$ cat structure29.cif   # mmCIF, C-alpha atoms
data_work
#
loop_
_atom_site.group_PDB
_atom_site.id
_atom_site.type_symbol
_atom_site.label_atom_id
_atom_site.label_comp_id
_atom_site.auth_asym_id
_atom_site.auth_seq_id
_atom_site.Cartn_x
_atom_site.Cartn_y
_atom_site.Cartn_z
ATOM 1 C CA GLY A 15 80.338 89.339 97.546
ATOM 2 C CA ALA A 16 81.357 92.680 98.973
ATOM 3 C CA GLY A 17 83.849 93.647 96.278
ATOM 4 C CA VAL A 18 83.757 94.551 92.605
ATOM 5 C CA SER A 19 83.036 91.405 90.658
ATOM 6 C CA GLN A 20 84.164 90.856 87.067
ATOM 7 C CA SER A 21 83.470 88.049 84.668
ATOM 8 C CA PRO A 22 84.855 86.168 82.920
ATOM 9 C CA SER A 23 88.166 86.165 84.747
ATOM 10 C CA ASN A 24 89.857 84.768 81.648
ATOM 11 C CA LYS A 25 88.734 84.752 78.042
ATOM 12 C CA VAL A 26 90.495 83.442 74.970
ATOM 13 C CA THR A 27 88.802 84.381 71.726
ATOM 14 C CA GLU A 28 89.539 84.177 68.042
ATOM 15 C CA LYS A 29 90.351 87.287 66.095
ATOM 16 C CA GLY A 30 87.193 88.774 64.628
ATOM 17 C CA LYS A 31 84.827 87.463 67.284
ATOM 18 C CA ASP A 32 82.846 89.689 69.643
ATOM 19 C CA VAL A 33 83.353 89.549 73.405
ATOM 20 C CA GLU A 34 81.392 90.836 76.371
ATOM 21 C CA LEU A 35 82.967 91.619 79.716
ATOM 22 C CA ARG A 36 80.812 92.113 82.759
ATOM 23 C CA CYS A 37 81.299 94.218 85.875
ATOM 24 C CA ASP A 38 79.177 94.099 88.998
ATOM 25 C CA PRO A 39 80.132 97.065 91.204
ATOM 26 C CA ILE A 40 79.914 97.354 94.950
ATOM 27 C CA SER A 41 76.344 97.943 96.014
ATOM 28 C CA GLY A 42 75.537 101.633 96.318
ATOM 29 C CA HIS A 43 78.463 102.803 94.214
ATOM 30 C CA THR A 44 77.183 105.269 91.659
ATOM 31 C CA ALA A 45 80.412 105.726 89.714
ATOM 32 C CA LEU A 46 81.903 102.950 87.609
ATOM 33 C CA TYR A 47 85.066 102.905 85.521
ATOM 34 C CA TRP A 48 86.600 100.679 82.896
ATOM 35 C CA TYR A 49 90.361 100.595 82.387
ATOM 36 C CA ARG A 50 92.620 98.548 80.174
ATOM 37 C CA GLN A 51 96.107 97.379 81.061
ATOM 38 C CA SER A 52 98.353 95.785 78.476
ATOM 39 C CA LEU A 53 101.162 93.514 79.647
ATOM 40 C CA GLY A 54 103.722 95.493 81.647
ATOM 41 C CA GLN A 55 101.983 98.789 81.008
ATOM 42 C CA GLY A 56 100.057 101.330 83.057
ATOM 43 C CA LEU A 57 96.312 101.722 83.227
ATOM 44 C CA GLU A 58 94.552 103.182 80.227
ATOM 45 C CA PHE A 59 91.200 104.837 80.931
ATOM 46 C CA LEU A 60 88.329 103.682 78.743
ATOM 47 C CA ILE A 61 85.021 104.987 80.063
ATOM 48 C CA TYR A 62 83.384 106.394 83.183
ATOM 49 C CA PHE A 63 79.767 105.984 84.234
ATOM 50 C CA GLN A 64 77.862 108.111 86.693
ATOM 51 C CA GLY A 65 74.661 106.199 87.242
ATOM 52 C CA ASN A 66 73.584 104.921 83.841
ATOM 53 C CA SER A 67 75.080 107.770 81.842
ATOM 54 C CA ALA A 68 78.638 108.010 80.565
ATOM 55 C CA PRO A 69 79.887 111.591 80.919
ATOM 56 C CA ASP A 70 83.354 110.560 79.812
ATOM 57 C CA LYS A 71 83.912 107.934 77.146
ATOM 58 C CA SER A 72 86.975 109.608 75.719
ATOM 59 C CA GLY A 73 89.194 106.596 76.287
ATOM 60 C CA LEU A 74 87.364 104.110 74.094
ATOM 61 C CA PRO A 75 90.010 103.323 71.454
ATOM 62 C CA SER A 76 87.683 102.755 68.499
ATOM 63 C CA ASP A 77 84.064 102.281 67.523
ATOM 64 C CA ARG A 78 84.541 98.550 68.067
ATOM 65 C CA PHE A 79 84.395 99.287 71.785
ATOM 66 C CA SER A 80 81.154 100.106 73.547
ATOM 67 C CA ALA A 81 79.850 99.947 77.087
ATOM 68 C CA GLU A 82 76.568 100.251 78.836
ATOM 69 C CA ARG A 83 75.304 100.298 82.369
ATOM 70 C CA THR A 84 71.791 99.406 83.402
ATOM 71 C CA GLY A 85 69.900 100.024 86.612
ATOM 72 C CA GLY A 86 72.819 102.017 87.957
ATOM 73 C CA SER A 87 74.553 98.750 88.658
ATOM 74 C CA VAL A 88 75.968 96.137 86.285
ATOM 75 C CA SER A 89 78.036 97.289 83.338
ATOM 76 C CA THR A 90 78.995 95.449 80.178
ATOM 77 C CA LEU A 91 81.981 96.284 77.995
ATOM 78 C CA THR A 92 81.613 94.932 74.470
ATOM 79 C CA ILE A 93 84.438 94.573 71.986
ATOM 80 C CA GLN A 94 83.338 93.791 68.451
ATOM 81 C CA ARG A 95 85.515 92.130 65.817
ATOM 82 C CA THR A 96 88.360 91.632 68.257
ATOM 83 C CA GLN A 97 91.944 92.236 67.170
ATOM 84 C CA GLN A 98 95.145 90.901 68.651
ATOM 85 C CA GLU A 99 96.008 94.341 70.019
ATOM 86 C CA ASP A 100 92.877 94.125 72.173
ATOM 87 C CA SER A 101 94.617 91.497 74.291
ATOM 88 C CA ALA A 102 94.919 92.982 77.773
ATOM 89 C CA VAL A 103 93.482 92.939 81.256
ATOM 90 C CA TYR A 104 90.244 94.876 81.473
ATOM 91 C CA LEU A 105 89.766 96.317 84.932
ATOM 92 C CA CYS A 106 86.546 97.635 86.369
ATOM 93 C CA ALA A 107 86.352 99.925 89.405
ATOM 94 C CA SER A 108 83.590 101.556 91.379
ATOM 95 C CA THR A 109 83.117 104.236 94.018
ATOM 96 C CA ARG A 110 80.596 106.559 95.548
ATOM 97 C CA THR A 111 80.304 110.034 94.040
ATOM 98 C CA GLY A 112 82.900 112.548 95.203
ATOM 99 C CA SER A 113 86.627 112.888 94.658
ATOM 100 C CA GLY A 114 87.420 111.802 98.197
ATOM 101 C CA ASN A 115 85.923 108.367 98.056
ATOM 102 C CA THR A 116 88.079 105.292 97.750
ATOM 103 C CA ILE A 117 87.919 103.610 94.358
ATOM 104 C CA TYR A 118 87.853 99.826 94.454
ATOM 105 C CA PHE A 119 88.968 97.607 91.619
ATOM 106 C CA GLY A 120 87.844 94.196 90.552
ATOM 107 C CA GLU A 121 90.337 91.452 89.767
ATOM 108 C CA GLY A 122 90.079 92.058 86.064
ATOM 109 C CA SER A 123 89.147 90.113 82.965
ATOM 110 C CA TRP A 124 92.186 88.773 81.129
ATOM 111 C CA LEU A 125 91.415 88.828 77.406
ATOM 112 C CA THR A 126 93.589 87.010 74.893
ATOM 113 C CA VAL A 127 92.825 87.331 71.210
ATOM 114 C CA VAL A 128 94.429 84.615 69.088
ATOM 115 C CA ALA B 30 101.077 117.431 79.770
ATOM 116 C CA GLN B 31 101.146 114.436 82.080
ATOM 117 C CA LYS B 32 98.773 114.815 84.973
ATOM 118 C CA ILE B 33 100.577 112.231 87.104
ATOM 119 C CA THR B 34 104.322 111.693 86.850
ATOM 120 C CA GLN B 35 106.223 108.843 88.420
ATOM 121 C CA THR B 36 109.865 109.255 87.511
ATOM 122 C CA GLN B 37 111.187 106.020 89.000
ATOM 123 C CA PRO B 38 110.485 103.041 86.732
ATOM 124 C CA GLY B 39 112.156 100.714 89.246
ATOM 125 C CA MET B 40 113.391 100.826 92.816
ATOM 126 C CA PHE B 41 115.259 98.432 95.068
ATOM 127 C CA VAL B 42 115.106 98.437 98.844
ATOM 128 C CA GLN B 43 116.485 96.119 101.461
ATOM 129 C CA GLU B 44 114.127 94.338 103.769
ATOM 130 C CA LYS B 45 113.285 96.358 106.904
ATOM 131 C CA GLU B 46 114.435 99.603 105.328
ATOM 132 C CA ALA B 47 112.158 102.519 104.393
ATOM 133 C CA VAL B 48 111.602 103.556 100.787
ATOM 134 C CA THR B 49 110.041 106.604 99.130
ATOM 135 C CA LEU B 50 108.223 106.352 95.824
ATOM 136 C CA ASP B 51 107.898 109.667 94.030
ATOM 137 C CA CYS B 52 104.766 111.143 92.515
ATOM 138 C CA THR B 53 104.095 114.620 91.169
ATOM 139 C CA TYR B 54 100.814 115.814 89.749
ATOM 140 C CA ASP B 55 99.410 118.636 87.692
ATOM 141 C CA THR B 56 95.971 120.143 88.151
ATOM 142 C CA SER B 57 94.241 123.502 88.315
ATOM 143 C CA ASP B 58 91.253 122.041 90.146
ATOM 144 C CA PRO B 59 91.330 123.142 93.807
ATOM 145 C CA SER B 60 89.509 119.970 94.854
ATOM 146 C CA TYR B 61 91.133 116.659 94.112
ATOM 147 C CA GLY B 62 92.108 113.369 95.666
ATOM 148 C CA LEU B 63 95.382 111.503 95.426
ATOM 149 C CA PHE B 64 95.591 107.722 95.660
ATOM 150 C CA TRP B 65 98.255 105.061 95.791
ATOM 151 C CA TYR B 66 97.615 101.515 94.609
ATOM 152 C CA LYS B 67 99.732 98.394 94.784
ATOM 153 C CA GLN B 68 99.621 95.828 91.995
ATOM 154 C CA PRO B 69 101.353 92.533 92.782
ATOM 155 C CA SER B 70 102.164 90.027 90.062
ATOM 156 C CA SER B 71 98.688 88.532 90.458
ATOM 157 C CA GLY B 72 97.332 91.673 88.797
ATOM 158 C CA GLU B 73 94.821 92.925 91.347
ATOM 159 C CA MET B 74 94.832 96.627 92.199
ATOM 160 C CA ILE B 75 95.022 97.087 95.951
ATOM 161 C CA PHE B 76 94.135 100.468 97.441
ATOM 162 C CA LEU B 77 96.794 101.666 99.894
ATOM 163 C CA ILE B 78 96.239 105.265 100.917
ATOM 164 C CA TYR B 79 94.317 108.420 100.066
ATOM 165 C CA GLN B 80 95.069 112.143 100.476
ATOM 166 C CA GLY B 81 92.520 114.884 99.874
ATOM 167 C CA SER B 82 93.608 118.260 98.599
ATOM 168 C CA TYR B 83 92.114 119.992 101.612
ATOM 169 C CA ASP B 84 93.500 117.583 104.185
ATOM 170 C CA GLN B 85 95.785 119.393 106.594
ATOM 171 C CA GLN B 86 97.687 116.358 107.740
ATOM 172 C CA ASN B 87 99.583 113.754 105.784
ATOM 173 C CA ALA B 88 97.682 110.505 105.435
ATOM 174 C CA THR B 89 98.956 107.372 107.156
ATOM 175 C CA GLU B 90 97.815 103.757 106.938
ATOM 176 C CA GLY B 91 99.942 101.346 108.922
ATOM 177 C CA ARG B 92 103.376 101.163 107.295
ATOM 178 C CA TYR B 93 102.263 103.503 104.498
ATOM 179 C CA SER B 94 102.381 107.264 104.730
ATOM 180 C CA LEU B 95 101.886 109.923 102.124
ATOM 181 C CA ASN B 96 104.258 112.892 102.089
ATOM 182 C CA PHE B 97 101.921 115.541 100.704
ATOM 183 C CA GLN B 98 103.559 118.793 99.637
ATOM 184 C CA LYS B 99 100.760 120.764 98.050
ATOM 185 C CA ALA B 100 102.799 123.771 96.891
ATOM 186 C CA ARG B 101 105.193 121.437 95.088
ATOM 187 C CA LYS B 102 102.332 119.260 93.813
ATOM 188 C CA SER B 103 104.032 116.249 95.232
ATOM 189 C CA ALA B 104 102.475 113.158 96.855
ATOM 190 C CA ASN B 105 105.231 110.693 97.609
ATOM 191 C CA LEU B 106 104.500 107.314 99.172
ATOM 192 C CA VAL B 107 106.701 106.235 102.044
ATOM 193 C CA ILE B 108 106.803 102.567 102.991
ATOM 194 C CA SER B 109 108.477 101.907 106.305
ATOM 195 C CA ALA B 110 110.050 98.619 107.380
ATOM 196 C CA SER B 111 109.836 97.063 103.912
ATOM 197 C CA GLN B 112 108.816 93.429 103.633
ATOM 198 C CA LEU B 113 109.399 90.916 100.853
ATOM 199 C CA GLY B 114 105.657 90.990 100.192
ATOM 200 C CA ASP B 115 105.889 94.669 99.301
ATOM 201 C CA SER B 116 107.533 93.747 95.990
ATOM 202 C CA ALA B 117 105.046 94.940 93.390
ATOM 203 C CA MET B 118 104.135 97.746 91.007
ATOM 204 C CA TYR B 119 102.965 100.913 92.708
ATOM 205 C CA PHE B 120 100.711 103.401 90.983
ATOM 206 C CA CYS B 121 99.952 106.979 91.963
ATOM 207 C CA ALA B 122 96.615 108.343 90.783
ATOM 208 C CA MET B 123 94.540 111.507 90.960
ATOM 209 C CA ARG B 124 90.836 112.193 90.780
ATOM 210 C CA GLU B 125 89.711 115.770 90.198
ATOM 211 C CA ALA B 126 86.365 117.094 91.385
ATOM 212 C CA GLY B 127 85.696 118.801 88.064
ATOM 213 C CA ARG B 128 83.234 121.555 87.209
ATOM 214 C CA THR B 129 80.235 119.732 88.599
ATOM 215 C CA GLY B 130 82.031 118.778 91.794
ATOM 216 C CA THR B 131 80.988 115.163 91.410
ATOM 217 C CA ALA B 132 84.432 113.906 90.436
ATOM 218 C CA SER B 133 85.462 112.019 87.334
ATOM 219 C CA LYS B 134 87.962 109.476 86.184
ATOM 220 C CA LEU B 135 91.041 108.371 88.054
ATOM 221 C CA THR B 136 94.208 109.294 86.162
ATOM 222 C CA PHE B 137 97.199 107.033 86.774
ATOM 223 C CA GLY B 138 100.925 107.456 86.550
ATOM 224 C CA THR B 139 103.076 104.910 84.749
ATOM 225 C CA GLY B 140 104.016 103.143 87.966
ATOM 226 C CA THR B 141 107.137 102.211 89.882
ATOM 227 C CA ARG B 142 108.258 98.617 90.248
ATOM 228 C CA LEU B 143 109.550 98.028 93.752
ATOM 229 C CA GLN B 144 111.772 95.081 94.525
ATOM 230 C CA VAL B 145 112.480 94.263 98.152
ATOM 231 C CA THR B 146 115.711 92.324 98.687
ATOM 232 C CA LEU B 147 117.082 90.340 101.611
#

$ encode --input "structure29.cif" --output "structure tokens"
Amino acid sequence: GAGVSQSPSNKVTEKGKDVELRCDPISGHTALYWYRQSLGQGLEFLIYFQGNSAPDKSGLPSDRFSAERTGGSVSTLTIQRTQQEDSAVYLCASTRTGSGNTIYFGEGSWLTVV
Amino acid sequence: AQKITQTQPGMFVQEKEAVTLDCTYDTSDPSYGLFWYKQPSSGEMIFLIYQGSYDQQNATEGRYSLNFQKARKSANLVISASQLGDSAMYFCAMREAGRTGTASKLTFGTGTRLQVTL
């Protein structure tokens, strides 16, 4: 498709399990972002990729969270030993380089930790 | 300090009326972009309008316009002729060019929930 694609769209996992969330950005977009949004809250920045490198990972809440991007395209956000407070929507966005370019969001991965 | 401030947690507007959603920002970077997104109850983030710091004219996109007052660091969204489908959360965001000029993360405000009534 033409937009940012995220999978899974919904994930229910047991506390303590690991989860992987995938983001496939728009073709040609060099910048990729991960955000988290808890119910009724604003968007919390997690990590930003420029190509395959992450110049800003300041938003990752703990060492249980990690992300990688390969081939300048697909990115995976991994949450190890999930906790109930990790329950949120994880949003991925992509854009071309440059502050003036529109940033497009995927539909999000809804994570519920039970 | 907050980089993006949205002081209106909730707003009501009657159908067909215009409404202004406030946004102020804080940056020392001379090059930046300002964005407005709409988030309906379905959760998707829908891009509405963009204003660059060097743009001379206020941005417009259909019923959306951005009232950009650079000296006041204000970027208010104006929605004209409100429709019931405009009921949603609205987020203001900023992206600074940074030292390398390649831009970085998008910083969001806390959002304004708009409710359009009959």

$ resolve_selection --input "structure29.cif" --expression "the PyMOL selection byres ((chain A and resi 126) around 7)" --output "ChimeraX atom specification"
/A:25-27,101-102,124-125,127-128

$ atom_distance --input "structure29.cif" --atom1 "CA of Gln86 (chain B)" --atom2 "CA of Gly56 (chain A)"
29.0 Å

$ interface_residues --input "structure29.cif" --of "chain B" --to "chain A" --cutoff "10 Å" --atoms "all atoms listed in the file" --output "compact mmCIF listing (two decimals) with C-alpha atoms, keeping the file's coordinate frame"
# COMPACT_ATOMS: atom_id res chain seq x y z
CA SER B 60 89.51 119.97 94.85
CA TYR B 61 91.13 116.66 94.11
CA GLY B 62 92.11 113.37 95.67
CA LEU B 63 95.38 111.50 95.43
CA PHE B 64 95.59 107.72 95.66
CA TYR B 66 97.62 101.52 94.61
CA SER B 71 98.69 88.53 90.46
CA GLY B 72 97.33 91.67 88.80
CA GLU B 73 94.82 92.92 91.35
CA MET B 74 94.83 96.63 92.20
CA ILE B 75 95.02 97.09 95.95
CA PHE B 76 94.14 100.47 97.44
CA LEU B 77 96.79 101.67 99.89
CA ILE B 78 96.24 105.26 100.92
CA TYR B 79 94.32 108.42 100.07
CA GLN B 80 95.07 112.14 100.48
CA GLY B 81 92.52 114.88 99.87
CA SER B 82 93.61 118.26 98.60
CA MET B 118 104.14 97.75 91.01
CA PHE B 120 100.71 103.40 90.98
CA MET B 123 94.54 111.51 90.96
CA ARG B 124 90.84 112.19 90.78
CA GLU B 125 89.71 115.77 90.20
CA ALA B 126 86.36 117.09 91.38
CA GLY B 127 85.70 118.80 88.06
CA GLY B 130 82.03 118.78 91.79
CA THR B 131 80.99 115.16 91.41
CA ALA B 132 84.43 113.91 90.44
CA SER B 133 85.46 112.02 87.33
CA LYS B 134 87.96 109.48 86.18
CA LEU B 135 91.04 108.37 88.05
CA THR B 136 94.21 109.29 86.16
CA PHE B 137 97.20 107.03 86.77
CA GLY B 138 100.92 107.46 86.55
CA THR B 139 103.08 104.91 84.75
CA GLY B 140 104.02 103.14 87.97
CA THR B 141 107.14 102.21 89.88

$ resolve_selection --input "structure29.cif" --expression "the PyMOL selection byres ((chain A and resi 16-21) around 6)" --output "compact mmCIF listing (two decimals) with C-alpha atoms, in the frame of the given file"
# COMPACT_ATOMS: atom_id res chain seq x y z
CA GLY A 15 80.34 89.34 97.55
CA PRO A 22 84.86 86.17 82.92
CA SER A 23 88.17 86.16 84.75
CA ARG A 36 80.81 92.11 82.76
CA CYS A 37 81.30 94.22 85.88
CA ASP A 38 79.18 94.10 89.00
CA PRO A 39 80.13 97.06 91.20
CA ILE A 40 79.91 97.35 94.95
CA GLY A 120 87.84 94.20 90.55

$ atom_distance --input "structure29.cif" --atom1 "CA of Asn66 (chain A)" --atom2 "CA of Ser52 (chain A)"
26.9 Å

$ residues_around --input "structure29.cif" --residues "region 41-55 of chain B" --least-positions-apart "4" --cutoff "10 Å" --atoms "only C-alpha atoms" --output "JSON, numbers by chain"
{"B": [30, 31, 32, 33, 34, 35, 36, 37, 63, 65, 92, 93, 94, 95, 96, 97, 98, 99, 101, 102, 103, 104, 105, 106, 107, 108, 109, 110, 111, 112, 113, 114, 115, 116, 119, 120, 121, 122, 123, 136, 137, 138, 140, 141, 142, 143, 144, 145, 146, 147]}

$ axis_aligned_box --input "structure29.cif" --around "region 38-47 of chain A" --padding-each-side "8 Å" --output "lines of an AutoDock Vina configuration file"
center_x = 80.3
center_y = 99.9
center_z = 90.9
size_x = 25.5
size_y = 27.6
size_z = 26.8

$ atom_distance --input "structure29.cif" --atom1 "CA of Gly86 (chain A)" --atom2 "CA of Glu34 (chain A)"
18.2 Å

$ residues_around --input "structure29.cif" --residues "Gly30 (chain A)" --least-positions-apart "2" --cutoff "7 Å" --atoms "only C-alpha atoms" --output "PyMOL selection string"
chain A and resi 28+32+95-97

$ closest_residue --input "structure29.cif" --among "A:His43, A:Gln94, A:Gly65, A:Leu35" --to "Phe79 (chain A)" --atoms "all atoms listed in the file"
A:Gln94
